[in-house]
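Visitor: Next comes my_file.cif, mmCIF, C-alpha atoms:
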```
data_start
loop_
_atom_site.label_atom_id
_atom_site.label_comp_id
_atom_site.auth_asym_id
_atom_site.auth_seq_id
_atom_site.Cartn_x
_atom_site.Cartn_y
_atom_site.Cartn_z
CA MET A 846 -20.04 -6.20 -23.51
CA ALA A 847 -17.57 -4.43 -21.24
CA GLU A 848 -18.94 -1.43 -19.41
CA ARG A 849 -17.07 1.80 -19.99
CA ASN A 850 -14.74 2.22 -17.06
CA LYS A 851 -13.36 5.54 -15.87
CA TYR A 852 -10.42 5.75 -13.51
CA SER A 853 -10.00 8.58 -11.02
CA ILE A 854 -6.39 8.88 -9.94
CA ILE A 855 -6.04 10.62 -6.59
CA ILE A 856 -2.60 12.05 -5.84
CA PRO A 857 -2.09 13.82 -2.50
CA THR A 858 0.72 16.37 -2.72
CA TYR A 859 2.77 18.50 -0.40
CA ASN A 860 5.74 20.37 -1.85
CA GLU A 861 5.91 18.25 -4.99
CA ARG A 862 6.31 21.06 -7.48
CA LEU A 863 8.57 19.17 -9.86
CA ASN A 864 7.44 15.62 -9.21
CA ILE A 865 3.75 16.29 -9.85
CA ALA A 866 4.53 17.53 -13.36
CA LEU A 867 6.64 14.43 -14.08
CA VAL A 868 3.99 12.11 -12.67
CA VAL A 869 1.21 13.72 -14.72
CA PHE A 870 3.28 13.43 -17.90
CA LEU A 871 3.97 9.76 -17.24
CA VAL A 872 0.34 8.99 -16.43
CA PHE A 873 -0.79 10.49 -19.73
CA LYS A 874 1.99 8.62 -21.50
CA HIS A 875 1.02 5.19 -20.14
CA LEU A 876 -2.77 5.57 -20.06
CA TRP A 877 -3.18 7.16 -23.47
CA ASP A 878 -6.02 4.79 -24.38
CA VAL A 879 -7.86 4.87 -21.05
CA ASP A 880 -10.64 7.13 -19.79
CA PHE A 881 -9.23 8.74 -16.64
CA GLU A 882 -8.91 11.91 -14.60
CA ILE A 883 -6.22 13.01 -12.17
CA ILE A 884 -7.28 14.59 -8.89
CA VAL A 885 -4.49 16.48 -7.16
CA VAL A 886 -5.18 17.06 -3.48
CA ASP A 887 -2.64 19.64 -2.43
CA ASP A 888 -2.36 20.67 1.21
CA GLY A 889 -1.39 24.28 0.72
CA SER A 890 2.17 23.66 -0.50
CA PRO A 891 4.36 26.72 -0.05
CA ASP A 892 6.64 25.75 -2.97
CA GLY A 893 4.15 26.60 -5.70
CA THR A 894 2.88 23.09 -6.46
CA GLN A 895 -0.58 24.45 -7.25
CA GLU A 896 0.81 26.90 -9.83
CA VAL A 897 2.47 24.01 -11.63
CA VAL A 898 -0.78 22.03 -11.55
CA LYS A 899 -2.59 24.97 -13.15
CA GLN A 900 0.05 25.04 -15.90
CA LEU A 901 -0.51 21.32 -16.43
CA GLN A 902 -4.24 21.97 -16.71
CA GLN A 903 -3.48 24.30 -19.63
CA VAL A 904 -1.59 21.53 -21.37
CA TYR A 905 -3.87 18.58 -20.68
CA GLY A 906 -7.26 20.13 -19.98
CA GLU A 907 -9.13 21.06 -16.84
CA ASP A 908 -11.46 18.12 -17.29
CA ARG A 909 -8.52 15.69 -17.12
CA ILE A 910 -6.66 17.31 -14.21
CA LEU A 911 -8.66 18.44 -11.21
CA LEU A 912 -7.05 20.55 -8.53
CA ARG A 913 -8.86 20.12 -5.25
CA ALA A 914 -6.63 21.89 -2.75
CA ARG A 915 -6.88 22.23 0.99
CA PRO A 916 -5.59 25.05 3.18
CA LYS A 917 -2.96 23.06 5.08
CA LYS A 918 -1.64 19.59 5.90
CA LEU A 919 -4.66 17.66 7.05
CA GLY A 920 -3.52 14.06 6.77
CA LEU A 921 -3.52 11.31 4.20
CA GLY A 922 -6.83 9.65 5.05
CA THR A 923 -8.79 12.87 4.75
CA ALA A 924 -6.90 13.66 1.51
CA TYR A 925 -8.29 10.48 -0.01
CA SER A 926 -11.79 11.20 1.28
CA HIS A 927 -11.58 14.71 -0.12
CA GLY A 928 -10.44 13.45 -3.50
CA LEU A 929 -13.13 10.75 -3.50
CA LYS A 930 -15.87 13.38 -3.21
CA HIS A 931 -14.77 14.82 -6.55
CA ALA A 932 -14.09 11.54 -8.32
CA SER A 933 -16.35 10.84 -11.28
CA GLY A 934 -14.85 7.48 -12.20
CA ASN A 935 -16.12 4.08 -11.10
CA PHE A 936 -12.59 3.06 -10.14
CA VAL A 937 -10.11 4.98 -8.00
CA VAL A 938 -6.33 4.74 -8.04
CA ILE A 939 -4.28 6.11 -5.18
CA MET A 940 -0.59 6.75 -5.62
CA ASP A 941 2.24 8.92 -4.34
CA ALA A 942 3.48 12.01 -6.10
CA ASP A 943 7.19 11.48 -5.57
CA LEU A 944 7.79 9.00 -8.42
CA SER A 945 8.34 6.06 -6.06
CA HIS A 946 5.13 4.82 -7.69
CA HIS A 947 5.77 4.70 -11.41
CA PRO A 948 2.75 5.23 -13.70
CA THR A 949 4.11 2.55 -16.03
CA TYR A 950 2.40 0.02 -13.75
CA LEU A 951 -1.06 1.56 -14.11
CA PRO A 952 -1.98 -0.57 -17.15
CA SER A 953 -1.08 -3.73 -15.21
CA PHE A 954 -3.39 -2.72 -12.36
CA ILE A 955 -6.24 -2.13 -14.80
CA LYS A 956 -5.57 -5.34 -16.69
CA LYS A 957 -5.50 -7.40 -13.49
CA GLN A 958 -8.79 -5.95 -12.37
CA LEU A 959 -10.46 -6.61 -15.72
CA GLU A 960 -9.14 -10.17 -15.80
CA THR A 961 -10.19 -11.11 -12.28
CA GLY A 962 -13.07 -8.76 -11.51
CA ALA A 963 -11.30 -7.90 -8.26
CA ASN A 964 -12.52 -5.14 -5.96
CA ILE A 965 -9.00 -4.07 -5.05
CA VAL A 966 -5.70 -4.46 -6.86
CA THR A 967 -2.71 -3.65 -4.68
CA GLY A 968 0.87 -3.19 -5.77
CA THR A 969 3.45 -5.31 -3.99
CA ARG A 970 7.18 -4.69 -3.86
CA TYR A 971 7.98 -8.03 -2.29
CA VAL A 972 7.32 -10.54 -5.06
CA LYS A 973 9.30 -11.50 -8.13
CA GLY A 974 8.77 -8.97 -10.87
CA GLY A 975 8.63 -6.20 -8.33
CA GLY A 976 11.31 -4.83 -6.08
CA VAL A 977 12.91 -1.84 -4.47
CA HIS A 978 15.89 0.34 -5.25
CA GLY A 979 17.74 2.67 -2.93
CA TRP A 980 17.28 0.67 0.26
CA ASN A 981 20.33 -0.29 2.31
CA LEU A 982 20.60 -3.57 4.21
CA MET A 983 19.20 -2.12 7.45
CA ARG A 984 16.15 -0.78 5.66
CA LYS A 985 15.51 -4.12 3.97
CA LEU A 986 15.94 -5.92 7.29
CA THR A 987 13.41 -3.75 9.11
CA SER A 988 11.02 -4.01 6.20
CA ARG A 989 11.27 -7.78 6.06
CA GLY A 990 11.05 -8.13 9.85
CA ALA A 991 8.02 -5.87 10.00
CA ASN A 992 6.39 -7.84 7.21
CA VAL A 993 6.96 -11.24 8.87
CA LEU A 994 5.56 -9.91 12.16
CA ALA A 995 2.49 -8.49 10.46
CA GLN A 996 1.89 -11.68 8.46
CA THR A 997 2.16 -13.83 11.61
CA LEU A 998 -0.15 -11.65 13.68
CA LEU A 999 -2.72 -10.48 11.18
CA TRP A 1000 -2.94 -13.11 8.38
CA PRO A 1001 -3.78 -10.26 6.02
CA GLY A 1002 -3.86 -12.13 2.74
CA VAL A 1003 -1.58 -9.68 0.94
CA SER A 1004 2.19 -9.64 0.77
CA ASP A 1005 2.74 -5.85 0.99
CA LEU A 1006 0.77 -4.24 3.80
CA THR A 1007 2.22 -0.76 3.90
CA GLY A 1008 2.21 -0.12 0.16
CA SER A 1009 0.03 2.73 -1.04
CA PHE A 1010 -0.12 2.11 -4.78
CA ARG A 1011 -3.61 0.65 -5.19
CA LEU A 1012 -6.63 0.45 -7.43
CA TYR A 1013 -10.03 0.34 -5.75
CA ARG A 1014 -13.55 -0.06 -7.02
CA LYS A 1015 -14.98 3.30 -5.98
CA SER A 1016 -17.84 1.88 -3.91
CA VAL A 1017 -15.39 -0.38 -2.06
CA LEU A 1018 -13.04 2.48 -1.22
CA GLU A 1019 -15.95 4.54 0.09
CA ASP A 1020 -16.99 1.63 2.27
CA ILE A 1021 -13.56 0.97 3.79
CA ILE A 1022 -12.39 4.53 4.20
CA SER A 1023 -15.32 5.35 6.45
CA SER A 1024 -14.22 2.72 8.97
CA CYS A 1025 -10.49 3.55 9.10
CA VAL A 1026 -9.11 5.89 11.72
CA SER A 1027 -5.32 5.45 11.72
CA LYS A 1028 -2.76 7.91 10.46
CA GLY A 1029 0.15 7.66 8.06
CA TYR A 1030 1.27 4.31 6.77
CA VAL A 1031 -0.67 2.47 9.48
CA PHE A 1032 -3.70 3.90 7.68
CA GLN A 1033 -2.64 2.05 4.52
CA MET A 1034 -2.32 -1.14 6.55
CA GLU A 1035 -5.69 -0.62 8.18
CA MET A 1036 -7.36 -0.11 4.79
CA ILE A 1037 -6.12 -3.35 3.29
CA VAL A 1038 -6.65 -5.41 6.46
CA ARG A 1039 -10.23 -4.17 6.86
CA ALA A 1040 -10.86 -4.89 3.20
CA SER A 1041 -9.53 -8.39 3.67
CA ARG A 1042 -11.72 -8.94 6.75
CA LYS A 1043 -14.79 -7.76 4.88
CA GLY A 1044 -14.15 -10.41 2.29
CA TYR A 1045 -13.41 -8.13 -0.65
CA HIS A 1046 -11.67 -9.78 -3.59
CA ILE A 1047 -8.08 -8.49 -3.52
CA GLU A 1048 -5.45 -9.15 -6.19
CA GLU A 1049 -1.79 -8.16 -6.29
CA VAL A 1050 0.53 -6.98 -9.04
CA PRO A 1051 4.31 -6.61 -8.71
CA ILE A 1052 5.59 -3.05 -8.74
CA SER A 1053 8.99 -1.53 -8.44
CA PHE A 1054 9.66 1.14 -5.86
CA VAL A 1055 12.54 3.51 -6.47
CA ASP A 1056 13.07 5.46 -3.27
CA ARG A 1057 13.46 9.20 -3.26
CA ILE A 1058 16.87 10.25 -4.44
CA TYR A 1059 16.72 13.39 -2.34
CA GLY A 1060 16.15 13.26 1.40
CA SER A 1061 15.85 9.50 1.95
CA SER A 1062 13.23 8.74 4.57
CA LYS A 1063 14.77 7.80 7.87
CA LEU A 1064 13.40 4.82 9.75
CA GLY A 1065 14.07 5.67 13.38
CA GLY A 1066 12.95 4.31 16.71
CA SER A 1067 9.77 6.37 16.78
CA GLU A 1068 8.63 4.90 13.44
CA ILE A 1069 9.15 1.39 14.79
CA VAL A 1070 7.14 2.18 17.92
CA GLU A 1071 4.36 3.65 15.79
CA TYR A 1072 4.36 0.53 13.66
CA LEU A 1073 4.12 -1.82 16.65
CA LYS A 1074 1.32 0.26 18.13
CA GLY A 1075 -0.46 0.14 14.79
CA LEU A 1076 -0.07 -3.64 14.60
CA ALA A 1077 -1.48 -4.06 18.11
CA TYR A 1078 -4.41 -1.80 17.24
CA LEU A 1079 -5.15 -3.76 14.07
CA LEU A 1080 -4.78 -7.07 15.89
CA VAL A 1081 -7.47 -6.14 18.37
CA THR A 1082 -9.91 -4.11 16.30
CA THR A 1083 -10.09 -5.89 12.93
CA MET B 1002 -19.60 -25.94 14.66
CA TRP B 1003 -16.09 -24.73 13.83
CA PRO B 1004 -16.95 -23.26 10.40
CA GLN B 1005 -19.70 -21.18 11.96
CA LEU B 1006 -17.46 -20.04 14.79
CA TYR B 1007 -14.74 -18.98 12.38
CA HIS B 1008 -17.13 -16.88 10.32
CA ARG B 1009 -15.77 -13.84 8.56
CA SER B 1010 -17.44 -11.45 10.96
CA MET B 1011 -15.54 -12.90 13.92
CA LYS B 1012 -12.81 -10.52 15.01
CA HIS B 1013 -9.29 -11.67 14.24
CA ILE B 1014 -8.16 -11.45 17.86
CA VAL B 1015 -10.99 -13.79 18.87
CA LYS B 1016 -9.81 -16.33 16.30
CA ILE B 1017 -6.28 -16.19 17.69
CA MET B 1018 -7.56 -16.47 21.26
CA THR B 1019 -9.63 -19.55 20.50
CA LEU B 1020 -6.57 -21.09 18.84
CA LEU B 1021 -4.45 -20.38 21.94
CA VAL B 1022 -7.16 -21.67 24.27
CA GLY B 1023 -7.41 -24.83 22.20
CA ILE B 1024 -3.67 -25.41 22.36
CA SER B 1025 -3.62 -24.68 26.12
CA ALA B 1026 -6.44 -27.16 26.69
CA LEU B 1027 -4.41 -29.76 24.83
CA TRP B 1028 -1.40 -28.98 27.00
CA PHE B 1029 -3.41 -29.21 30.23
CA GLY B 1030 -4.88 -32.50 29.02
CA LEU B 1031 -1.39 -33.88 28.44
CA LEU B 1032 -0.31 -32.76 31.93
CA LYS B 1033 -3.32 -34.33 33.65
CA THR B 1034 -3.31 -37.67 31.90
CA SER B 1035 0.45 -38.02 32.25
CA MET B 1036 0.72 -40.03 29.04
CA VAL B 1037 3.96 -38.18 28.52
CA PRO B 1038 6.28 -37.58 31.53
CA SER B 1039 5.24 -34.25 33.10
CA SER B 1040 8.81 -32.95 33.10
CA HIS B 1041 8.68 -32.98 29.31
CA THR B 1042 5.16 -31.61 29.09
CA LEU B 1043 5.94 -28.61 31.27
CA LEU B 1044 8.69 -27.58 28.89
CA LEU B 1045 6.46 -27.83 25.78
CA PRO B 1046 5.34 -24.18 25.80
CA ILE B 1047 8.99 -23.10 25.88
CA TYR B 1048 9.82 -25.38 22.95
CA PHE B 1049 6.80 -24.04 21.09
CA ILE B 1050 7.85 -20.42 21.56
CA MET B 1051 11.43 -21.23 20.59
CA CYS B 1052 10.24 -22.94 17.40
CA LEU B 1053 8.03 -19.97 16.60
CA GLY B 1054 10.99 -17.62 17.13
CA CYS B 1055 13.29 -19.71 14.94
CA TYR B 1056 10.67 -19.91 12.23
CA GLY B 1057 10.27 -16.15 12.34
CA LEU B 1058 14.01 -15.57 12.09
CA LEU B 1059 14.22 -18.04 9.22
CA MET B 1060 11.47 -16.23 7.35
CA VAL B 1061 13.21 -12.90 7.87
CA GLY B 1062 16.54 -14.29 6.71
CA VAL B 1063 15.17 -16.02 3.65
CA GLY B 1064 13.14 -12.99 2.73
CA LEU B 1065 16.16 -10.77 3.11
CA MET B 1066 18.24 -12.96 0.81
CA ARG B 1067 15.53 -13.10 -1.81
CA PHE B 1068 14.55 -9.44 -1.50
CA PRO B 1069 13.81 -8.34 -5.04
CA THR B 1070 15.70 -5.26 -6.22
CA CYS B 1071 15.32 -3.27 -9.39
CA PRO B 1072 18.36 -1.14 -10.19
CA GLN B 1073 17.36 -1.02 -13.85
CA GLU B 1074 14.16 0.75 -12.88
CA ALA B 1075 16.16 3.61 -11.42
CA LEU B 1076 17.91 4.09 -14.77
CA LEU B 1077 14.65 3.96 -16.69
CA LEU B 1078 13.24 6.51 -14.30
CA GLN B 1079 16.12 8.89 -15.07
CA GLN B 1080 15.31 8.59 -18.78
CA ASP B 1081 11.62 9.20 -18.10
CA VAL B 1082 12.45 12.33 -16.14
CA ILE B 1083 14.51 13.73 -19.03
CA GLU B 1084 11.76 12.96 -21.54
CA ALA B 1085 9.10 14.51 -19.28
CA LYS B 1086 11.08 17.68 -18.65
CA GLY B 1087 11.70 18.16 -22.37
CA TYR B 1088 8.05 17.74 -23.32
CA LEU B 1089 6.64 19.92 -20.54
CA LYS B 1090 9.16 22.73 -20.84
CA GLN B 1091 8.12 23.20 -24.47
CA ARG B 1092 4.52 23.60 -23.40
CA GLY B 1093 5.04 26.20 -20.74
CA VAL B 1094 5.18 24.09 -17.60
CA ASP B 1095 7.82 25.17 -15.12
CA VAL B 1096 10.14 22.18 -14.61
CA GLY B 1097 13.16 24.05 -13.33
CA SER B 1098 15.10 22.52 -10.46
CA GLU B 1099 13.40 22.95 -7.07
#
```
Represent the structure from my file as structure tokens, please.
Guide:
Amino acid sequence: MAERNKYSIIIPTYNERLNIALVVFLVFKHLWDVDFEIIVVDDGSPDGTQEVVKQLQQVYGEDRILLRARPKKLGLGTAYSHGLKHASGNFVVIMDADLSHHPTYLPSFIKKQLETGANIVTGTRYVKGGGVHGWNLMRKLTSRGANVLAQTLLWPGVSDLTGSFRLYRKSVLEDIISSCVSKGYVFQMEMIVRASRKGYHIEEVPISFVDRIYGSSKLGGSEIVEYLKGLAYLLVTT
Amino acid sequence: MWPQLYHRSMKHIVKIMTLLVGISALWFGLLKTSMVPSSHTLLLPIYFIMCLGCYGLLMVGVGLMRFPTCPQEALLLQQDVIEAKGYLKQRGVDVGSE
């Protein structure tokens, strides 16, 4: 007999007034037969994101959408910890609010976990069935180069290290998050590498990643330096 | 002995170091015993690094060629956005342009 599973979806937001509404709609559309809650961790967005979330609560119910705001930008890792404190599900999904992570893949995460009993299911953009859109050749080159370097140095056991579309068993997330100290996307890498080192059962599902149409993220020299520093840190401490 | 040494709790860097030490010991052994002419042996580390570099470049190149893309997903996303805006606007959620 399958235990009743509840999924807490944590979405950190900053100035995602329009995107958060679209994401919430799509989550409800694709998880219509699943017991879940959405936890929006907003870092004091000046564009009125929280007002939109309150409107969404009127449409979908305050028990389905939780707004757990913070006064200002306090970082991604602490946003997850903050959301975790309010999560009532036994599984936790983390995803971005900008529609690069499409809720249509949520059922495939859940299905994979139920099939394999995995502790973590991570979305990967780099296998067949997944993919990216909106990346030029340079971006793909850096991504591929970074990935090969990380695979060679760290032997992480997953194909997409920097991805942040993941499903965790709640107890597992609590365990890993307490031992991670990095910031930004290196934090995502640290989470999955530490999980791999601790021997947690990790599965992957292909996802597509459509990059922001507005304000494409630049990948400059400082990002590359940060990445290399992060790799060195993970090489030595995990 | 090796399975115990390579236990999960062993730090990754230690694993890599033991691998490098093992390979270096092999190299020193080859130098000492002179089974292979030492002029060749001395160059082995350079060959090894070159092979590693070529392998890395090959992996990057192959990966780049086979990089999966999903242009159709972008179109589907546009449709989703239209559907979402229509539904939410009717129910009093502000979905005007930012």
Visitor: Give me, as a ChimeraX atom specification, the contact residues of chain A against chain B at a cut-off of 7 Å, counting all atoms listed in the file.
Guide: /A:863,867,870,897,900-901,904,971-973,975-978,985-986,989-990,993,1042,1053,1055,1080-1081,1083
Visitor: What does the distance from CA of Val1038 (chain A) to CA of Ala1077 (chain A) come to in Å, to one decimal?
Guide: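 Value for the CA of Val1038 (chain A)-CA of Ala1077 (chain A) distance: 12.8 Å.
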Visitor: Fewer than 6 positions away in the same chain doesn't count, so skip those; otherwise give me all residues within 9 Å of Tyr1072 (chain A), counting all atoms listed in the file, as a tab-separated table (two decimals) with C-alpha atoms, keeping the file's coordinate frame.
Guide:
```
chain	number	residue	atom	x	y	z
A	991	ALA	CA	8.02	-5.87	10.00
A	1030	TYR	CA	1.27	4.31	6.77
A	1031	VAL	CA	-0.67	2.47	9.48
```
Visitor: Just the number, please: distance in Å from CA of Pro948 (chain A) to CA of Leu876 (chain A), one decimal.
Guide: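 Going from CA of Pro948 (chain A) over to CA of Leu876 (chain A), I get 8.4 Å.
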Visitor: State, in Å with one decimal place, the distance from CA of Pro916 (chain A) to CA of Ser1023 (chain A).
Guide: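 Computing the Euclidean distance for CA of Pro916 (chain A) and CA of Ser1023 (chain A) yields 22.2 Å.
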Visitor: Would you mind listing what lies within 12 Å of Pro1046 (chain B) as a list in words, with only C-alpha atoms counted and same-chain residues fewer than 4 positions away left out?
Guide: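 Counting only the stated atoms, we get Leu1021, Ile1024, Ser1025, Leu1027, Trp1028, Phe1029, Leu1032, Ser1040, His1041, Thr1042, Ile1050, Met1051, Cys1052 and Leu1053 of chain B.
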Visitor: Write out as number ranges by chain which residues come within 8 Å of Ala995 (chain A) when counting all atoms listed in the file, dropping same-chain ones fewer than 5 positions away.
Guide: A: 1000-1001, 1076
Visitor: Looking at only C-alpha atoms, which of A:Ile1047, A:Ile939, A:Ile1022, A:Val1017 is the one that sits closest to Gly962 (chain A)?
Guide: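 Ranked by minimum distance to Gly962 (chain A), first place goes to A:Ile1047.
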